[in-house]
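This is final_10.cif. It holds mmCIF, C-alpha atoms.
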```
data_upload
loop_
_atom_site.label_atom_id
_atom_site.label_comp_id
_atom_site.auth_asym_id
_atom_site.auth_seq_id
_atom_site.Cartn_x
_atom_site.Cartn_y
_atom_site.Cartn_z
CA MET A 45 59.61 45.23 97.20
CA ASP A 46 56.64 44.63 99.52
CA GLN A 47 57.42 43.70 103.09
CA THR A 48 56.57 40.33 104.67
CA ILE A 49 53.45 40.26 106.85
CA LYS A 50 53.95 38.17 109.97
CA SER A 51 50.52 36.50 110.29
CA ARG A 52 48.04 34.42 108.33
CA PRO A 53 46.96 35.64 104.88
CA MET A 54 43.92 37.91 104.51
CA HIS A 55 43.89 37.79 100.75
CA ALA A 56 40.20 36.96 100.43
CA GLN A 57 39.22 39.87 102.69
CA SER A 58 41.42 42.33 100.80
CA VAL A 59 40.02 41.20 97.43
CA ARG A 60 36.48 41.59 98.77
CA ALA A 61 37.18 45.08 100.16
CA ILE A 62 38.47 46.17 96.75
CA SER A 63 35.59 44.51 94.91
CA GLU A 64 33.09 46.30 97.15
CA CYS A 65 34.67 49.64 96.22
CA HIS A 66 34.17 48.88 92.53
CA THR A 67 30.56 47.87 93.16
CA LEU A 68 29.82 51.05 95.09
CA ALA A 69 31.44 53.07 92.30
CA THR A 70 28.54 52.06 90.05
CA PHE A 71 26.16 54.07 92.26
CA THR A 72 26.72 57.43 90.64
CA GLU A 73 24.98 60.57 89.40
CA GLU A 74 26.78 60.41 86.05
CA PRO A 75 26.91 57.33 83.82
CA ALA A 76 30.52 56.33 83.06
CA HIS A 77 31.79 58.68 85.80
CA ILE A 78 31.97 58.29 89.57
CA THR A 79 30.18 61.31 91.00
CA ARG A 80 28.28 61.05 94.25
CA ARG A 81 27.47 64.24 96.12
CA PHE A 82 25.95 64.69 99.55
CA LEU A 83 22.55 62.95 99.86
CA THR A 84 21.94 62.66 96.12
CA PRO A 85 19.90 59.61 94.96
CA PRO A 86 22.91 57.28 94.49
CA VAL A 87 23.64 57.61 98.21
CA HIS A 88 20.43 55.65 98.88
CA ALA A 89 21.87 52.77 96.84
CA VAL A 90 25.16 52.94 98.72
CA HIS A 91 23.32 52.88 102.04
CA THR A 92 21.22 49.91 100.98
CA HIS A 93 24.29 47.94 99.92
CA LEU A 94 26.31 48.74 103.04
CA ARG A 95 23.35 48.20 105.33
CA GLN A 96 22.90 44.68 103.96
CA ARG A 97 26.55 43.90 104.69
CA MET A 98 26.31 45.37 108.20
CA GLU A 99 23.16 43.44 109.01
CA ALA A 100 24.74 40.23 107.68
CA LEU A 101 27.48 40.81 110.26
CA GLY A 102 24.86 41.11 112.99
CA MET A 103 25.39 44.83 113.44
CA THR A 104 22.74 47.28 114.62
CA VAL A 105 22.32 49.84 111.82
CA GLN A 106 20.91 53.35 111.67
CA THR A 107 21.17 56.48 109.54
CA ASP A 108 21.58 59.64 111.60
CA ALA A 109 20.01 62.99 110.74
CA ALA A 110 23.09 64.14 108.80
CA GLY A 111 22.93 61.09 106.55
CA ASN A 112 25.77 59.13 108.14
CA LEU A 113 25.23 55.36 107.95
CA ARG A 114 26.29 53.82 111.28
CA GLY A 115 26.63 50.15 112.16
CA ILE A 116 27.39 48.94 115.69
CA HIS A 117 29.04 45.64 116.56
CA GLN A 118 28.42 45.08 120.28
CA PRO A 119 29.50 41.65 121.63
CA ALA A 120 27.65 40.59 124.77
CA ASN A 121 30.87 40.37 126.78
CA ALA A 122 32.44 43.59 125.45
CA PRO A 123 32.94 46.84 127.36
CA ALA A 124 30.33 49.48 126.59
CA LYS A 125 32.85 51.94 125.17
CA ARG A 126 33.09 51.72 121.39
CA PHE A 127 35.98 52.13 119.02
CA LEU A 128 35.01 54.00 115.84
CA ILE A 129 36.28 53.11 112.36
CA GLY A 130 35.19 54.65 109.07
CA SER A 131 35.54 57.19 106.29
CA HIS A 132 33.32 58.99 103.76
CA ILE A 133 31.14 57.78 100.89
CA ASP A 134 30.76 60.99 98.87
CA THR A 135 33.09 61.81 95.97
CA VAL A 136 34.45 64.65 93.92
CA PRO A 137 33.12 64.85 90.33
CA ASP A 138 34.56 62.13 88.06
CA ALA A 139 36.35 60.51 90.97
CA GLY A 140 38.27 57.31 91.53
CA PRO A 141 36.73 54.31 93.32
CA PHE A 142 38.79 54.25 96.53
CA ASP A 143 38.99 57.73 98.09
CA GLY A 144 37.02 57.44 101.33
CA ILE A 145 34.98 54.37 100.49
CA LEU A 146 37.92 51.97 100.94
CA GLY A 147 38.06 53.04 104.58
CA VAL A 148 34.44 51.91 104.97
CA THR A 149 34.81 48.55 103.23
CA LEU A 150 37.95 47.82 105.24
CA ALA A 151 36.14 48.74 108.45
CA LEU A 152 33.53 46.07 107.71
CA GLU A 153 36.25 43.51 107.00
CA LEU A 154 37.77 44.38 110.37
CA VAL A 155 34.45 43.74 112.10
CA GLU A 156 34.39 40.27 110.57
CA ILE A 157 38.01 39.65 111.61
CA VAL A 158 37.22 40.76 115.17
CA GLN A 159 34.28 38.38 115.19
CA GLU A 160 36.41 35.49 113.91
CA ARG A 161 39.00 36.14 116.61
CA GLN A 162 36.24 36.48 119.21
CA LEU A 163 37.75 39.75 120.37
CA PRO A 164 35.28 41.35 122.82
CA LEU A 165 35.59 44.86 121.44
CA SER A 166 32.65 47.12 120.59
CA ILE A 167 33.06 48.74 117.18
CA GLU A 168 31.01 51.39 115.41
CA VAL A 169 31.54 51.67 111.67
CA ILE A 170 30.61 55.07 110.24
CA ALA A 171 30.11 55.78 106.54
CA PHE A 172 30.24 59.58 106.64
CA SER A 173 27.73 61.21 104.31
CA GLU A 174 29.90 64.12 103.20
CA GLU A 175 33.57 65.06 103.34
CA GLU A 176 34.49 66.62 99.99
CA GLY A 177 32.40 69.82 100.16
CA VAL A 178 31.26 69.51 96.53
CA ARG A 179 27.51 70.04 96.76
CA TYR A 180 27.34 72.90 99.27
CA GLY A 181 30.91 74.21 99.25
CA ILE A 182 31.42 73.21 102.89
CA PRO A 183 33.34 69.99 103.64
CA PHE A 184 33.04 67.50 106.52
CA LEU A 185 29.28 67.83 106.99
CA GLY A 186 28.96 64.24 108.16
CA SER A 187 31.86 64.25 110.59
CA ARG A 188 30.90 67.69 111.93
CA ALA A 189 27.57 66.18 112.97
CA VAL A 190 29.25 63.20 114.64
CA ALA A 191 31.74 65.46 116.41
CA GLY A 192 28.96 67.78 117.61
CA THR A 193 30.33 70.78 115.71
CA PHE A 194 27.71 71.08 112.96
CA ASP A 195 26.58 74.70 112.64
CA GLU A 196 22.82 74.90 112.02
CA LYS A 197 23.42 78.00 109.87
CA LEU A 198 24.77 75.61 107.21
CA LEU A 199 21.24 74.28 106.69
CA ALA A 200 20.35 77.46 104.78
CA TYR A 201 23.18 76.96 102.24
CA GLU A 202 21.97 76.26 98.70
CA ASP A 203 23.50 74.01 96.08
CA ALA A 204 23.92 74.90 92.40
CA ASP A 205 20.26 74.05 91.79
CA GLY A 206 19.06 76.34 94.58
CA ILE A 207 18.19 73.48 96.94
CA PRO A 208 18.80 74.40 100.59
CA MET A 209 20.70 71.84 102.62
CA SER A 210 17.76 71.45 104.97
CA GLU A 211 15.54 70.47 102.03
CA ALA A 212 18.12 67.98 100.74
CA ILE A 213 18.20 66.32 104.15
CA ARG A 214 14.39 66.15 104.33
CA SER A 215 14.20 64.79 100.77
CA PHE A 216 16.49 61.98 101.90
CA GLY A 217 13.93 61.09 104.55
CA LEU A 218 15.75 62.67 107.49
CA ASP A 219 14.98 65.46 109.96
CA PRO A 220 17.61 68.23 110.02
CA THR A 221 16.42 69.42 113.44
CA GLN A 222 17.71 66.13 114.85
CA ILE A 223 21.33 66.61 113.71
CA PRO A 224 22.52 67.41 117.27
CA SER A 225 21.50 63.87 118.28
CA ALA A 226 24.11 62.48 115.87
CA ALA A 227 26.94 63.66 118.14
CA ILE A 228 29.01 61.03 119.92
CA GLU A 229 29.65 61.07 123.66
CA PRO A 230 33.42 61.18 124.21
CA GLN A 231 33.14 59.33 127.52
CA GLN A 232 31.56 56.41 125.67
CA THR A 233 34.18 56.33 122.93
CA LEU A 234 37.66 54.76 122.91
CA GLY A 235 38.85 56.53 119.77
CA PHE A 236 38.63 56.66 115.99
CA LEU A 237 40.68 55.10 113.20
CA GLU A 238 40.40 56.21 109.58
CA ILE A 239 42.09 54.09 106.91
CA HIS A 240 42.63 56.03 103.70
CA ILE A 241 44.69 56.03 100.55
CA GLU A 242 47.56 58.50 100.81
CA GLN A 243 46.41 60.57 97.81
CA GLY A 244 50.02 61.52 97.24
CA PRO A 245 53.33 60.16 95.92
CA ILE A 246 55.49 59.74 99.04
CA LEU A 247 54.88 56.06 99.86
CA GLU A 248 55.11 55.17 96.19
CA ALA A 249 58.42 57.04 95.88
CA GLU A 250 59.81 55.26 98.95
CA ASP A 251 58.48 51.85 97.87
CA LEU A 252 56.47 51.52 101.09
CA GLN A 253 52.98 50.15 101.58
CA LEU A 254 51.66 51.91 104.67
CA ALA A 255 52.29 54.79 107.05
CA ALA A 256 50.84 56.12 110.27
CA VAL A 257 49.64 59.73 110.13
CA THR A 258 50.92 62.05 112.85
CA SER A 259 49.05 65.21 111.87
CA ILE A 260 46.83 66.82 109.24
CA VAL A 261 47.80 70.18 107.78
CA GLY A 262 45.77 73.29 108.43
CA GLN A 263 43.61 74.59 105.58
CA THR A 264 42.20 77.92 104.51
CA ARG A 265 39.66 78.11 101.71
CA GLY A 266 37.83 81.06 100.31
CA THR A 267 36.65 83.01 97.29
CA LEU A 268 38.49 86.01 95.85
CA THR A 269 36.27 88.28 93.75
CA PHE A 270 37.73 90.81 91.32
CA THR A 271 35.24 93.47 90.22
CA GLY A 272 35.98 95.73 87.26
CA HIS A 273 33.87 96.85 84.28
CA ALA A 274 32.47 94.76 81.47
CA ASN A 275 32.79 96.39 78.07
CA HIS A 276 33.00 95.73 74.35
CA ALA A 277 36.06 93.68 73.41
CA GLY A 278 36.49 95.40 70.07
CA THR A 279 35.95 99.06 70.95
CA THR A 280 37.66 99.43 74.33
CA PRO A 281 41.40 100.29 74.09
CA MET A 282 43.72 98.20 76.23
CA HIS A 283 44.81 101.13 78.41
CA LEU A 284 41.18 101.98 79.26
CA ARG A 285 40.15 98.49 80.35
CA HIS A 286 39.30 97.27 83.84
CA ASP A 287 39.55 93.58 83.03
CA ALA A 288 38.69 91.40 86.01
CA LEU A 289 39.94 88.21 84.37
CA ALA A 290 43.34 89.72 83.53
CA ALA A 291 43.67 90.78 87.18
CA ALA A 292 42.70 87.29 88.32
CA ALA A 293 45.26 85.73 85.98
CA GLU A 294 48.01 87.94 87.40
CA TRP A 295 47.00 87.00 90.94
CA ILE A 296 46.84 83.28 90.17
CA THR A 297 50.43 83.41 88.98
CA ALA A 298 51.34 85.28 92.16
CA VAL A 299 49.71 82.53 94.24
CA GLU A 300 51.87 79.91 92.55
CA THR A 301 55.02 82.01 92.99
CA HIS A 302 54.33 82.56 96.68
CA ALA A 303 53.74 78.86 97.32
CA ASN A 304 56.92 77.90 95.46
CA SER A 305 58.95 80.24 97.64
CA THR A 306 57.49 79.04 100.97
CA PRO A 307 58.64 75.58 102.11
CA SER A 308 55.80 73.07 102.68
CA LEU A 309 53.14 75.56 101.53
CA VAL A 310 50.68 74.40 98.87
CA ALA A 311 48.22 76.83 97.31
CA THR A 312 45.68 76.19 94.58
CA VAL A 313 43.23 78.27 92.57
CA GLY A 314 40.88 75.51 91.41
CA LYS A 315 37.85 77.38 90.09
CA ILE A 316 37.27 80.49 87.98
CA PHE A 317 33.85 82.02 87.25
CA ALA A 318 33.89 84.90 84.77
CA ASP A 319 30.95 87.23 84.15
CA PRO A 320 29.50 87.78 81.58
CA ASN A 321 31.64 84.91 80.22
CA ALA A 322 31.27 85.91 76.57
CA THR A 323 33.87 85.78 73.82
CA ASN A 324 33.51 89.43 72.79
CA VAL A 325 33.02 91.01 76.22
CA ILE A 326 35.72 92.14 78.64
CA PRO A 327 35.05 90.26 81.90
CA GLY A 328 33.60 92.61 84.49
CA THR A 329 33.58 90.25 87.47
CA VAL A 330 35.62 87.14 88.22
CA HIS A 331 35.28 84.82 91.20
CA THR A 332 38.25 82.58 91.96
CA THR A 333 38.78 80.08 94.74
CA LEU A 334 41.81 79.73 97.00
CA ASP A 335 42.84 76.54 98.78
CA LEU A 336 45.93 77.03 100.95
CA ARG A 337 47.53 74.46 103.28
CA HIS A 338 50.53 74.26 105.60
CA PRO A 339 51.52 72.20 108.68
CA SER A 340 52.13 75.45 110.62
CA ASP A 341 49.08 77.60 111.33
CA PRO A 342 51.07 80.86 111.76
CA ILE A 343 52.82 80.38 108.41
CA ARG A 344 49.49 79.59 106.74
CA THR A 345 47.87 82.71 108.24
CA VAL A 346 50.69 84.95 107.06
CA ALA A 347 50.51 83.46 103.56
CA VAL A 348 46.76 84.07 103.32
CA GLU A 349 47.15 87.67 104.46
CA ALA A 350 49.97 88.24 101.96
CA LEU A 351 47.98 86.85 99.05
CA ILE A 352 44.90 88.91 99.91
CA ALA A 353 47.06 92.02 100.09
CA GLN A 354 48.62 91.15 96.74
CA ALA A 355 45.18 90.72 95.17
CA GLN A 356 44.12 94.12 96.44
CA SER A 357 47.32 95.70 95.13
CA ILE A 358 46.77 94.16 91.69
CA ALA A 359 43.17 95.31 91.68
CA GLN A 360 44.03 98.87 92.71
CA ARG A 361 46.67 99.18 90.00
CA ARG A 362 44.17 98.02 87.38
CA GLY A 363 41.25 100.15 88.62
CA LEU A 364 39.30 97.25 90.13
CA THR A 365 38.35 96.04 93.60
CA ALA A 366 39.23 92.71 95.22
CA GLN A 367 37.26 91.08 98.03
CA PHE A 368 38.16 87.86 99.84
CA THR A 369 35.45 85.76 101.52
CA GLN A 370 36.73 82.99 103.74
CA THR A 371 34.71 79.77 103.67
CA MET A 372 36.95 77.49 105.72
CA ASN A 373 39.71 77.91 108.26
CA GLU A 374 40.74 74.60 109.82
CA PRO A 375 43.80 74.49 112.08
CA ALA A 376 46.51 71.88 111.74
CA ILE A 377 45.40 68.84 113.74
CA PRO A 378 47.76 66.43 115.50
CA MET A 379 46.72 62.81 115.80
CA ASP A 380 46.47 61.23 119.26
CA LEU A 381 49.94 60.26 120.49
CA ALA A 382 48.90 57.05 122.24
CA LEU A 383 46.78 55.73 119.36
CA THR A 384 49.45 56.63 116.82
CA ALA A 385 52.08 54.88 118.96
CA ASN A 386 49.89 51.76 118.91
CA LEU A 387 49.52 52.08 115.16
CA THR A 388 53.27 52.36 114.55
CA ALA A 389 53.80 49.41 116.90
CA ALA A 390 51.28 47.45 114.83
CA LEU A 391 53.24 48.31 111.67
CA GLU A 392 56.43 46.99 113.22
CA SER A 393 54.72 43.92 114.67
CA THR A 394 53.53 42.90 111.20
CA GLY A 395 57.01 43.32 109.73
CA LEU A 396 56.59 46.76 108.18
CA PRO A 397 58.64 49.93 108.71
CA ALA A 398 57.13 52.34 111.23
CA ARG A 399 56.86 55.11 108.64
CA ILE A 400 55.02 58.27 109.72
CA LEU A 401 53.61 61.01 107.50
CA THR A 402 51.83 64.33 107.72
CA SER A 403 48.63 64.43 105.67
CA GLY A 404 48.43 67.24 103.15
CA ALA A 405 44.76 66.46 102.52
CA GLY A 406 41.90 67.07 104.89
CA HIS A 407 40.03 64.08 106.28
CA ASP A 408 37.11 63.34 108.58
CA ALA A 409 39.77 62.36 111.13
CA MET A 410 40.71 66.02 111.58
CA ILE A 411 37.15 66.83 112.67
CA LEU A 412 36.82 63.92 115.07
CA ALA A 413 40.28 64.57 116.53
CA ALA A 414 38.92 67.69 118.22
CA ARG A 415 36.42 65.49 120.05
CA ILE A 416 38.00 62.07 120.66
CA PRO A 417 41.42 60.36 120.34
CA THR A 418 42.01 59.83 116.63
CA THR A 419 44.59 58.32 114.32
CA MET A 420 44.97 57.45 110.61
CA LEU A 421 46.57 54.74 108.50
CA PHE A 422 47.65 55.58 104.95
CA LEU A 423 47.89 53.11 102.06
CA ARG A 424 50.13 53.68 99.08
CA SER A 425 48.49 55.42 96.10
CA PRO A 426 50.01 53.93 92.92
CA GLY A 427 51.33 56.79 90.84
CA GLY A 428 50.31 59.19 93.61
CA ILE A 429 46.96 59.51 91.81
CA SER A 430 43.70 60.44 93.55
CA HIS A 431 40.53 62.45 92.78
CA HIS A 432 40.80 60.94 89.31
CA PRO A 433 39.34 57.88 87.53
CA ALA A 434 42.85 56.35 87.37
CA GLU A 435 42.98 56.14 91.18
CA SER A 436 43.95 52.60 92.25
CA VAL A 437 45.26 50.40 95.06
CA ARG A 438 47.32 47.21 95.21
CA GLU A 439 45.87 44.06 96.72
CA GLN A 440 48.99 43.43 98.79
CA ASP A 441 48.75 46.91 100.30
CA VAL A 442 45.09 46.45 101.21
CA GLU A 443 45.92 43.09 102.78
CA ALA A 444 48.77 44.69 104.73
CA ALA A 445 46.40 47.39 105.97
CA LEU A 446 44.02 44.72 107.29
CA HIS A 447 46.84 42.97 109.15
CA VAL A 448 48.06 46.21 110.71
CA ALA A 449 44.58 47.44 111.63
CA ALA A 450 43.64 44.08 113.17
CA ASN A 451 46.85 44.11 115.22
CA PHE A 452 46.06 47.68 116.22
CA LEU A 453 42.59 46.71 117.46
CA GLU A 454 44.07 43.88 119.52
CA ARG A 455 46.39 46.43 121.12
CA ILE A 456 43.43 48.70 121.88
CA PHE A 457 41.64 45.81 123.57
CA ALA A 458 44.77 44.94 125.54
CA THR A 459 44.99 48.55 126.68
CA ILE A 460 41.40 48.40 127.97
CA ASN A 461 42.09 45.23 129.91
CA ASN A 462 45.17 46.73 131.53
CA THR A 463 43.33 49.82 132.85
#
```
Have the structure of the file written as structure tokens, please.
Amino acid sequence: MDQTIKSRPMHAQSVRAISECHTLATFTEEPAHITRRFLTPPVHAVHTHLRQRMEALGMTVQTDAAGNLRGIHQPANAPAKRFLIGSHIDTVPDAGPFDGILGVTLALELVEIVQERQLPLSIEVIAFSEEEGVRYGIPFLGSRAVAGTFDEKLLAYEDADGIPMSEAIRSFGLDPTQIPSAAIEPQQTLGFLEIHIEQGPILEAEDLQLAAVTSIVGQTRGTLTFTGHANHAGTTPMHLRHDALAAAAEWITAVETHANSTPSLVATVGKIFADPNATNVIPGTVHTTLDLRHPSDPIRTVAVEALIAQAQSIAQRRGLTAQFTQTMNEPAIPMDLALTANLTAALESTGLPARILTSGAGHDAMILAARIPTTMLFLRSPGGISHHPAESVREQDVEAALHVAANFLERIFATINNT
């Protein structure tokens, strides 16, 4: 049963936020599927749509050199320091309509609510250009730029079509040499709030609508390459084979076993590339990916080392080699204690339980948290479904999120006035 919200209804705003997500879902690279990678043509359409909404709210709008769309609401009587709200607008292939983008549409609803309440609070809404890491294999490109941690070496990375990141940025009408200017100044920033669907089953299982996030798990990602010998599938006896795919299969099972035996560890092999990838040829080379996450960095590090060692042992026994290339190593990130305390107080003030969760997924919030005070609000994911076309939200949960976030912003303003 949904909890009672102790303030006036925001049904119209919640319906509009959801409707906007469905509209933006039509801006896609693939007809009948929601696929929107970093700075691909549909992103122009998203920017145009969001820019119109921002300008209608009287916001000052710009696109920074990393492709982040940024709208500033600056009341004449407001302090100069801004509070940031936002999320990402890119998607995984064949995605759902709410991952990331709901945090942007809700941010714009909050600007309108702040205006209606005549709350003198400066707000910057950021629609981050990239979070998923689909096009270039590196996530959080947009938030890295905003946090001032974008590595210019990434500009040389190429996508599957051989297009360097620098060229993709220029083709979008931006100058990659100006990415450093996208960084925020911490002394001019009050903090950052990201509203996001949970992407998991916990709130659904507990029949709760919302939760405050206390931390985001650490992540390690990389590629494990098994190299053996390609040969004829019909003429090579089993005992003389050096089958890279068979070795990879054994290791993938070992990854699952290791994760099952380590509390709170999740490990995934999500991609396999076999070469020569022919029906009648023994695979000579196989590239697999590893995505490993845990709230404790030491436990995560030990698990990665153990799985690499196991891959090498499997390879040696089969007469192959195994090489791990790390592509990401993000530490577990705690959310700001003061902001999260305000968020849990806002939950209670609106008649909701002060539920807290650890996020098992990575978010732009984890990148900004290294730079400025940051917190997150999770909405229930019906069925625990995300990164899938069946992804959904409930209107009453979106409305509850607006109530809580608006109460939270009032608390932020009160904090400013008391200092």
| query | Of the residues A:Arg126, A:His66, A:His286, A:Arg455, which is the one nearest to A:Gln360, using all atoms listed in the file? | reply |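 Counting all atoms listed in the file, the residue closest to A:Gln360 is A:His286.
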| said: One number please: atom CA of A:Thr388 to atom CA of A:Pro417, in Å, one decimal. | reply: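 These atoms are spaced 15.4 Å apart.
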| request: Run the PyMOL selection byres ((chain A and resi 329) around 8) on the file and write out the hits as a ChimeraX atom specification. | output: /A:269-274,288-289,318-320,327-328,330-331
| request: Identify which of the residues A:Glu435, A:Glu153, A:Glu454, A:Asp219 lies closest to A:Gln243, counting only C-alpha atoms when measuring atom-to-atom distances. | output: A:Glu435
| said: Rounded to one decimal, what separation in Å do you get between atom CA of A:Ala76 and atom CA of A:Ile246? | reply: 29.8 Å
| Quick one, how far is atom CA of A:Ala291 from atom CA of A:Ala311? | 17.8 Å
| said: Which residues, named as in the file, does the PyMOL selection byres ((chain A and resi 91) around 12) pick out? Answer as a PyMOL selection string. | reply: chain A and resi 68+71+83-90+92-99+105-108+111-115+132-134+145+148+170-173+216
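Here the question is which of A:Asn324, A:Ala189, A:Pro378, A:Ile62 gets nearest to A:Ala277 using all atoms listed in the file, and that residue is A:Asn324.
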So which residues get picked by the PyMOL selection byres ((chain A and resi 440-446) around 10) here, written as a JSON list (two decimals) with C-alpha atoms, in the coordinates of the input?
```json
[["chain", "number", "residue", "atom", "x", "y", "z"],
["A", 46, "ASP", "CA", 56.64, 44.63, 99.52],
["A", 47, "GLN", "CA", 57.42, 43.70, 103.09],
["A", 48, "THR", "CA", 56.57, 40.33, 104.67],
["A", 49, "ILE", "CA", 53.45, 40.26, 106.85],
["A", 50, "LYS", "CA", 53.95, 38.17, 109.97],
["A", 53, "PRO", "CA", 46.96, 35.64, 104.88],
["A", 54, "MET", "CA", 43.92, 37.91, 104.51],
["A", 55, "HIS", "CA", 43.89, 37.79, 100.75],
["A", 56, "ALA", "CA", 40.20, 36.96, 100.43],
["A", 57, "GLN", "CA", 39.22, 39.87, 102.69],
["A", 58, "SER", "CA", 41.42, 42.33, 100.80],
["A", 59, "VAL", "CA", 40.02, 41.20, 97.43],
["A", 61, "ALA", "CA", 37.18, 45.08, 100.16],
["A", 62, "ILE", "CA", 38.47, 46.17, 96.75],
["A", 146, "LEU", "CA", 37.92, 51.97, 100.94],
["A", 150, "LEU", "CA", 37.95, 47.82, 105.24],
["A", 151, "ALA", "CA", 36.14, 48.74, 108.45],
["A", 153, "GLU", "CA", 36.25, 43.51, 107.00],
["A", 154, "LEU", "CA", 37.77, 44.38, 110.37],
["A", 157, "ILE", "CA", 38.01, 39.65, 111.61],
["A", 239, "ILE", "CA", 42.09, 54.09, 106.91],
["A", 240, "HIS", "CA", 42.63, 56.03, 103.70],
["A", 241, "ILE", "CA", 44.69, 56.03, 100.55],
["A", 252, "LEU", "CA", 56.47, 51.52, 101.09],
["A", 253, "GLN", "CA", 52.98, 50.15, 101.58],
["A", 254, "LEU", "CA", 51.66, 51.91, 104.67],
["A", 255, "ALA", "CA", 52.29, 54.79, 107.05],
["A", 391, "LEU", "CA", 53.24, 48.31, 111.67],
["A", 394, "THR", "CA", 53.53, 42.90, 111.20],
["A", 395, "GLY", "CA", 57.01, 43.32, 109.73],
["A", 396, "LEU", "CA", 56.59, 46.76, 108.18],
["A", 421, "LEU", "CA", 46.57, 54.74, 108.50],
["A", 422, "PHE", "CA", 47.65, 55.58, 104.95],
["A", 423, "LEU", "CA", 47.89, 53.11, 102.06],
["A", 424, "ARG", "CA", 50.13, 53.68, 99.08],
["A", 425, "SER", "CA", 48.49, 55.42, 96.10],
["A", 437, "VAL", "CA", 45.26, 50.40, 95.06],
["A", 438, "ARG", "CA", 47.32, 47.21, 95.21],
["A", 439, "GLU", "CA", 45.87, 44.06, 96.72],
["A", 447, "HIS", "CA", 46.84, 42.97, 109.15],
["A", 448, "VAL", "CA", 48.06, 46.21, 110.71],
["A", 449, "ALA", "CA", 44.58, 47.44, 111.63],
["A", 450, "ALA", "CA", 43.64, 44.08, 113.17],
["A", 451, "ASN", "CA", 46.85, 44.11, 115.22],
["A", 452, "PHE", "CA", 46.06, 47.68, 116.22]]
```
Using all atoms of stretch 434-450 of chain A listed in the file and a margin of 6 Å per side, can you give the axis-aligned box centre and edge lengths in Å to one decimal, as lines of an AutoDock Vina configuration file?
```
center_x = 45.9
center_y = 49.7
center_z = 100.3
size_x = 18.1
size_y = 25.4
size_z = 37.8
```
| said: At a cut-off of 9 Å, using all atoms listed in the file, what residues contact A:Trp295? Leave out same-chain residues fewer than 3 positions from it and give the result as a ChimeraX atom specification. | reply: /A:290-292,298-300,351,354-355,358
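Closest approach to A:Ser166 among A:Ile377, A:Leu128, A:Ala100, A:Val325: A:Leu128, based on only C-alpha atoms.
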| said: Using all atoms listed in the file for the distances, tell me which of A:Gly235, A:Gly244, A:Pro137, A:Pro123 is nearest to A:Pro75. | reply: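 Looking only at the distances to A:Pro75, the closest residue turns out to be A:Pro137.
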| message | List the spatial neighbours of A:Ala124 as a list in words - criterion: any atom at most 12 Å away, all atoms listed in the file, same-chain residues fewer than 6 positions off excluded. | response |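 Contacts, with the query itself left out: Ile116, His117, Gln118, Pro164, Leu165, Ser166, Ile167, Glu168, Glu229, Gln231, Gln232, Thr233, Leu234 and Ile460 of chain A.
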